[in-house]
4 protein chains.
Amino acid sequence: MSNNQLKAIVERIEALEDDKAIIAEGIKDIYTEAKSNGFDPKILKQIVALRKKDAAKVAEEKVLLATYMDALGMLADTPLGQAAIERVSRS
Amino acid sequence: MSNNQLKAIVERIEALEDDKAIIAEGIKDIYTEAKSNGFDPKILKQIVALRKKDAAKVAEEKVLLATYMDALGMLADTPLGQAAIERVSRS
Amino acid sequence: MSNNQLKAIVERIEALEDDKAIIAEGIKDIYTEAKSNGFDPKILKQIVALRKKDAAKVAEEKVLLATYMDALGMLADTPLGQAAIERVSRS
Amino acid sequence: MSNNQLKAIVERIEALEDDKAIIAEGIKDIYTEAKSNGFDPKILKQIVALRKKDAAKVAEEKVLLATYMDALGMLADTPLGQAAIERVSRS
DNA sequence: CACTGGAAAATGCCGC
DNA sequence: GCGGCATTTTCCAGTG
């Protein structure tokens, strides 16, 4: 009967979501531990995000950002401009 | 700074994030399977969300009650305060 | 690409964000002032949040009801379904 | 009496929050409009964020990120990365 | 001055 | 493929 089936579905989902939450907790713990060892969690997150991101897409976004910034006269040879380009790879 | 330490941190995070992604995939699969059995995924999601919300609500009910007790100290016996009291008794 | 167009877009966004920041400042000021008059900002915030939540709840009550009606189509007449019906009448 | 005072406070806050929400809406509209004119909203957001961000902080974060990446061997083989590092050390 | 909680922004998923 | 929505993630002010 559909009743038991529904119950089973909901419970399976909830079990997996619990697992997911536990893992997320674990990730958080690692960041906390890393922080207590002197690593900046924010930067660590940027590293992880960068490694995950597709390289081609990173390059493409860099070009686009550079184009926009150039249009605004922001790019030139300024450290700020360079930082902006780098920033794309982090986003 | 220890390069190896940094490497270990990043890799541990990435491993856990992989696990998390796999579980998320599993959840998605359940919804898909449920759909093929005639259960509307959208409604299922709402049911799951509702149950989670309710669980959280029960857990924090005592906190909420305490807050209201405090608030009533500010409110004196005003209509707003009365409404608050009623709300607590309903939740 | 039109440099002027881009410049205009960015400037319009920044102008609005300034406005938004000013308003946020004003809100903060009210909390500060209230605090100096003996109102606990934390509780005030909770009251405001609660009222907003309630407003949203009223607005979506019909949606929620519809969801439950749909869910009952999946559920047939099961205990879970019955509980759902009761929940709707309580909320 | 404190009742009216509380009511006034809450209502002033809510009024300002409404204003804030309206402005936020306006910002979103601009992004939408810009997108329909061929501007990538994501990049636009990066531009706006960059302009807002304190320049010194940008530089500082950039150095830290470069350091971490270097430790992971991620940076060495990218000319852009090299240029970025050199640029920072000059600035 | 680090921590927690809540607001804001960003991402990803779902439907058309 | 795009827009809207929900979830997740990020940020920031308040607190001890």
# chains A, B, ... in the order shown; residues from 1 in each chain; ligands from 1
call {"tool": "residues_around", "arguments": {"residues": "DA8 in chain E", "least_positions_apart": "4", "cutoff": "10 Å", "atoms": "only C-alpha atoms (C1' of nucleotides)", "output": "mmCIF file with N, CA, C and O atoms (P, O5', C5', C4', C3', O3' and C1' of nucleotides), in the first residue's frame"}}
result
data_model
loop_
_atom_site.group_PDB
_atom_site.id
_atom_site.type_symbol
_atom_site.label_atom_id
_atom_site.label_comp_id
_atom_site.auth_asym_id
_atom_site.auth_seq_id
_atom_site.Cartn_x
_atom_site.Cartn_y
_atom_site.Cartn_z
ATOM 1 P P DT F 10 31.248 29.162 1.656
ATOM 2 O "O5'" DT F 10 30.850 30.666 1.976
ATOM 3 C "C5'" DT F 10 30.538 31.524 0.876
ATOM 4 C "C4'" DT F 10 30.169 32.897 1.391
ATOM 5 C "C3'" DT F 10 31.224 33.541 2.305
ATOM 6 O "O3'" DT F 10 31.408 34.885 1.898
ATOM 7 C "C1'" DT F 10 29.118 33.589 3.362
ATOM 8 P P DC F 11 32.641 35.705 2.435
ATOM 9 O "O5'" DC F 11 31.865 36.759 3.339
ATOM 10 C "C5'" DC F 11 30.798 37.520 2.741
ATOM 11 C "C4'" DC F 11 29.994 38.193 3.821
ATOM 12 C "C3'" DC F 11 30.823 39.017 4.814
ATOM 13 O "O3'" DC F 11 30.334 40.346 4.823
ATOM 14 C "C1'" DC F 11 29.258 37.612 5.931
ATOM 15 P P DC F 12 31.234 41.481 5.456
ATOM 16 O "O5'" DC F 12 30.384 41.890 6.737
ATOM 17 C "C5'" DC F 12 28.955 41.895 6.656
ATOM 18 C "C4'" DC F 12 28.384 41.989 8.044
ATOM 19 C "C3'" DC F 12 29.273 42.725 9.048
ATOM 20 O "O3'" DC F 12 28.453 43.537 9.860
ATOM 21 C "C1'" DC F 12 28.737 40.601 9.879
#
call {"tool": "closest_atom_pairs", "arguments": {"of": "chain D", "to": "chain B", "cutoff": "8 Å", "atoms": "only C-alpha atoms", "output": "CSV"}}
result
residue,atom,partner,partner_atom,distance
D:Ser2,CA,B:Leu75,CA,7.0
D:Asn3,CA,B:Leu75,CA,6.1
D:Leu6,CA,B:Leu75,CA,7.5
D:Tyr68,CA,B:Leu6,CA,7.8
D:Ala71,CA,B:Asn3,CA,5.2
D:Leu72,CA,B:Lys7,CA,6.4
call {"tool": "interface_residues", "arguments": {"of": "chain E", "to": "chain B", "cutoff": "12 Å", "atoms": "only C-alpha atoms (C1' of nucleotides)", "output": "ChimeraX atom specification"}}
result
/E:12-15
call {"tool": "write_last_selection", "arguments": {"atoms": "all heavy atoms", "output": "PDB file, in the first residue's frame"}}
result
ATOM      1  P    DG E  12      27.160  25.626  -7.971  1.00  0.00           P
ATOM      2  OP1  DG E  12      28.222  24.626  -7.704  1.00  0.00           O
ATOM      3  OP2  DG E  12      27.190  26.439  -9.214  1.00  0.00           O
ATOM      4  O5'  DG E  12      25.751  24.891  -7.889  1.00  0.00           O
ATOM      5  C5'  DG E  12      25.335  24.339  -6.644  1.00  0.00           C
ATOM      6  C4'  DG E  12      23.933  23.786  -6.775  1.00  0.00           C
ATOM      7  O4'  DG E  12      22.980  24.870  -6.748  1.00  0.00           O
ATOM      8  C3'  DG E  12      23.689  23.016  -8.075  1.00  0.00           C
ATOM      9  O3'  DG E  12      22.994  21.830  -7.739  1.00  0.00           O
ATOM     10  C2'  DG E  12      22.844  23.994  -8.909  1.00  0.00           C
ATOM     11  C1'  DG E  12      22.087  24.771  -7.843  1.00  0.00           C
ATOM     12  N9   DG E  12      21.702  26.133  -8.201  1.00  0.00           N
ATOM     13  C8   DG E  12      22.458  27.087  -8.826  1.00  0.00           C
ATOM     14  N7   DG E  12      21.837  28.233  -8.986  1.00  0.00           N
ATOM     15  C5   DG E  12      20.591  28.016  -8.425  1.00  0.00           C
ATOM     16  C6   DG E  12      19.473  28.878  -8.306  1.00  0.00           C
ATOM     17  O6   DG E  12      19.361  30.058  -8.668  1.00  0.00           O
ATOM     18  N1   DG E  12      18.391  28.252  -7.673  1.00  0.00           N
ATOM     19  C2   DG E  12      18.400  26.955  -7.221  1.00  0.00           C
ATOM     20  N2   DG E  12      17.280  26.514  -6.656  1.00  0.00           N
ATOM     21  N3   DG E  12      19.439  26.132  -7.333  1.00  0.00           N
ATOM     22  C4   DG E  12      20.486  26.720  -7.939  1.00  0.00           C
ATOM     23  P    DC E  13      22.435  20.806  -8.774  1.00  0.00           P
ATOM     24  OP1  DC E  13      22.673  19.434  -8.287  1.00  0.00           O
ATOM     25  OP2  DC E  13      22.911  21.220 -10.103  1.00  0.00           O
ATOM     26  O5'  DC E  13      20.880  21.092  -8.667  1.00  0.00           O
ATOM     27  C5'  DC E  13      20.192  20.830  -7.436  1.00  0.00           C
ATOM     28  C4'  DC E  13      18.710  21.100  -7.627  1.00  0.00           C
ATOM     29  O4'  DC E  13      18.499  22.504  -7.890  1.00  0.00           O
ATOM     30  C3'  DC E  13      18.113  20.345  -8.815  1.00  0.00           C
ATOM     31  O3'  DC E  13      16.844  19.816  -8.452  1.00  0.00           O
ATOM     32  C2'  DC E  13      17.973  21.407  -9.890  1.00  0.00           C
ATOM     33  C1'  DC E  13      17.737  22.665  -9.076  1.00  0.00           C
ATOM     34  N1   DC E  13      18.195  23.913  -9.747  1.00  0.00           N
ATOM     35  C2   DC E  13      17.343  25.014  -9.798  1.00  0.00           C
ATOM     36  O2   DC E  13      16.225  24.932  -9.284  1.00  0.00           O
ATOM     37  N3   DC E  13      17.759  26.148 -10.405  1.00  0.00           N
ATOM     38  C4   DC E  13      18.972  26.197 -10.944  1.00  0.00           C
ATOM     39  N4   DC E  13      19.332  27.356 -11.526  1.00  0.00           N
ATOM     40  C5   DC E  13      19.862  25.088 -10.904  1.00  0.00           C
ATOM     41  C6   DC E  13      19.433  23.976 -10.300  1.00  0.00           C
ATOM     42  P    DC E  14      16.238  18.581  -9.238  1.00  0.00           P
ATOM     43  OP1  DC E  14      15.919  17.500  -8.286  1.00  0.00           O
ATOM     44  OP2  DC E  14      17.127  18.335 -10.404  1.00  0.00           O
ATOM     45  O5'  DC E  14      14.881  19.191  -9.776  1.00  0.00           O
ATOM     46  C5'  DC E  14      13.890  19.678  -8.835  1.00  0.00           C
ATOM     47  C4'  DC E  14      13.065  20.767  -9.484  1.00  0.00           C
ATOM     48  O4'  DC E  14      13.926  21.887  -9.773  1.00  0.00           O
ATOM     49  C3'  DC E  14      12.475  20.397 -10.831  1.00  0.00           C
ATOM     50  O3'  DC E  14      11.169  19.846 -10.636  1.00  0.00           O
ATOM     51  C2'  DC E  14      12.378  21.734 -11.558  1.00  0.00           C
ATOM     52  C1'  DC E  14      13.321  22.660 -10.799  1.00  0.00           C
ATOM     53  N1   DC E  14      14.402  23.223 -11.645  1.00  0.00           N
ATOM     54  C2   DC E  14      14.279  24.527 -12.152  1.00  0.00           C
ATOM     55  O2   DC E  14      13.252  25.181 -11.895  1.00  0.00           O
ATOM     56  N3   DC E  14      15.265  25.043 -12.926  1.00  0.00           N
ATOM     57  C4   DC E  14      16.343  24.300 -13.184  1.00  0.00           C
ATOM     58  N4   DC E  14      17.294  24.847 -13.934  1.00  0.00           N
ATOM     59  C5   DC E  14      16.493  22.972 -12.679  1.00  0.00           C
ATOM     60  C6   DC E  14      15.502  22.472 -11.919  1.00  0.00           C
ATOM     61  P    DG E  15      10.438  19.207 -11.859  1.00  0.00           P
ATOM     62  OP1  DG E  15       9.373  18.341 -11.331  1.00  0.00           O
ATOM     63  OP2  DG E  15      11.474  18.655 -12.762  1.00  0.00           O
ATOM     64  O5'  DG E  15       9.757  20.463 -12.576  1.00  0.00           O
ATOM     65  C5'  DG E  15       8.643  21.121 -11.926  1.00  0.00           C
ATOM     66  C4'  DG E  15       8.416  22.496 -12.554  1.00  0.00           C
ATOM     67  O4'  DG E  15       9.649  23.204 -12.567  1.00  0.00           O
ATOM     68  C3'  DG E  15       7.941  22.432 -13.999  1.00  0.00           C
ATOM     69  O3'  DG E  15       6.516  22.556 -14.006  1.00  0.00           O
ATOM     70  C2'  DG E  15       8.561  23.675 -14.636  1.00  0.00           C
ATOM     71  C1'  DG E  15       9.767  23.989 -13.752  1.00  0.00           C
ATOM     72  N9   DG E  15      11.051  23.683 -14.374  1.00  0.00           N
ATOM     73  C8   DG E  15      11.713  22.480 -14.361  1.00  0.00           C
ATOM     74  N7   DG E  15      12.859  22.519 -14.989  1.00  0.00           N
ATOM     75  C5   DG E  15      12.951  23.822 -15.446  1.00  0.00           C
ATOM     76  C6   DG E  15      13.959  24.459 -16.193  1.00  0.00           C
ATOM     77  O6   DG E  15      15.024  23.981 -16.607  1.00  0.00           O
ATOM     78  N1   DG E  15      13.639  25.796 -16.444  1.00  0.00           N
ATOM     79  C2   DG E  15      12.506  26.431 -16.035  1.00  0.00           C
ATOM     80  N2   DG E  15      12.366  27.722 -16.385  1.00  0.00           N
ATOM     81  N3   DG E  15      11.563  25.853 -15.338  1.00  0.00           N
ATOM     82  C4   DG E  15      11.845  24.552 -15.072  1.00  0.00           C
TER      83       DG E  15
END
call {"tool": "interface_residues", "arguments": {"of": "chain A", "to": "chain F", "cutoff": "12 Å", "atoms": "only C-alpha atoms (C1' of nucleotides)", "output": "compact mmCIF listing (two decimals) with N, CA, C and O atoms, in the first residue's frame"}}
result
# COMPACT_ATOMS: atom_id res chain seq x y z
N ALA A 21 24.38 15.91 6.93
CA ALA A 21 24.61 16.91 7.96
C ALA A 21 25.83 16.54 8.81
O ALA A 21 26.61 17.41 9.20
N ALA A 24 28.88 17.39 6.86
CA ALA A 24 29.06 18.85 6.85
C ALA A 24 29.68 19.30 8.16
O ALA A 24 30.55 20.18 8.19
N LYS A 28 33.22 21.29 8.79
CA LYS A 28 33.33 22.46 9.66
C LYS A 28 34.42 22.26 10.72
O LYS A 28 35.20 23.17 11.01
N PRO A 41 40.66 30.17 7.59
CA PRO A 41 39.59 29.36 6.99
C PRO A 41 39.05 29.97 5.70
O PRO A 41 38.74 29.25 4.76
N LYS A 42 38.96 31.26 5.68
CA LYS A 42 38.44 31.93 4.49
C LYS A 42 39.29 31.62 3.27
O LYS A 42 38.78 31.30 2.19
N LYS A 45 38.99 28.05 2.17
CA LYS A 45 37.77 27.83 1.38
C LYS A 45 37.98 28.26 -0.06
O LYS A 45 37.48 27.62 -1.00
N GLN A 46 38.68 29.37 -0.23
CA GLN A 46 38.95 29.83 -1.59
C GLN A 46 39.80 28.83 -2.35
O GLN A 46 39.58 28.59 -3.54
N ALA A 49 37.60 25.87 -3.30
CA ALA A 49 36.68 26.26 -4.38
C ALA A 49 37.43 26.33 -5.70
O ALA A 49 36.93 25.90 -6.75
N SER A 91 35.74 32.92 -7.09
CA SER A 91 34.32 33.10 -6.89
C SER A 91 33.52 31.87 -7.24
O SER A 91 33.97 30.99 -7.91
call {"tool": "atom_distance", "arguments": {"atom1": "CA of Thr32 in chain C", "atom2": "CA of Ile13 in chain D"}}
result
11.7 Å
call {"tool": "atom_distance", "arguments": {"atom1": "CA of Ala34 in chain A", "atom2": "CA of Ile9 in chain B"}}
result
7.1 Å
call {"tool": "atom_distance", "arguments": {"atom1": "CA of Tyr31 in chain B", "atom2": "CA of Leu44 in chain B"}}
result
7.9 Å
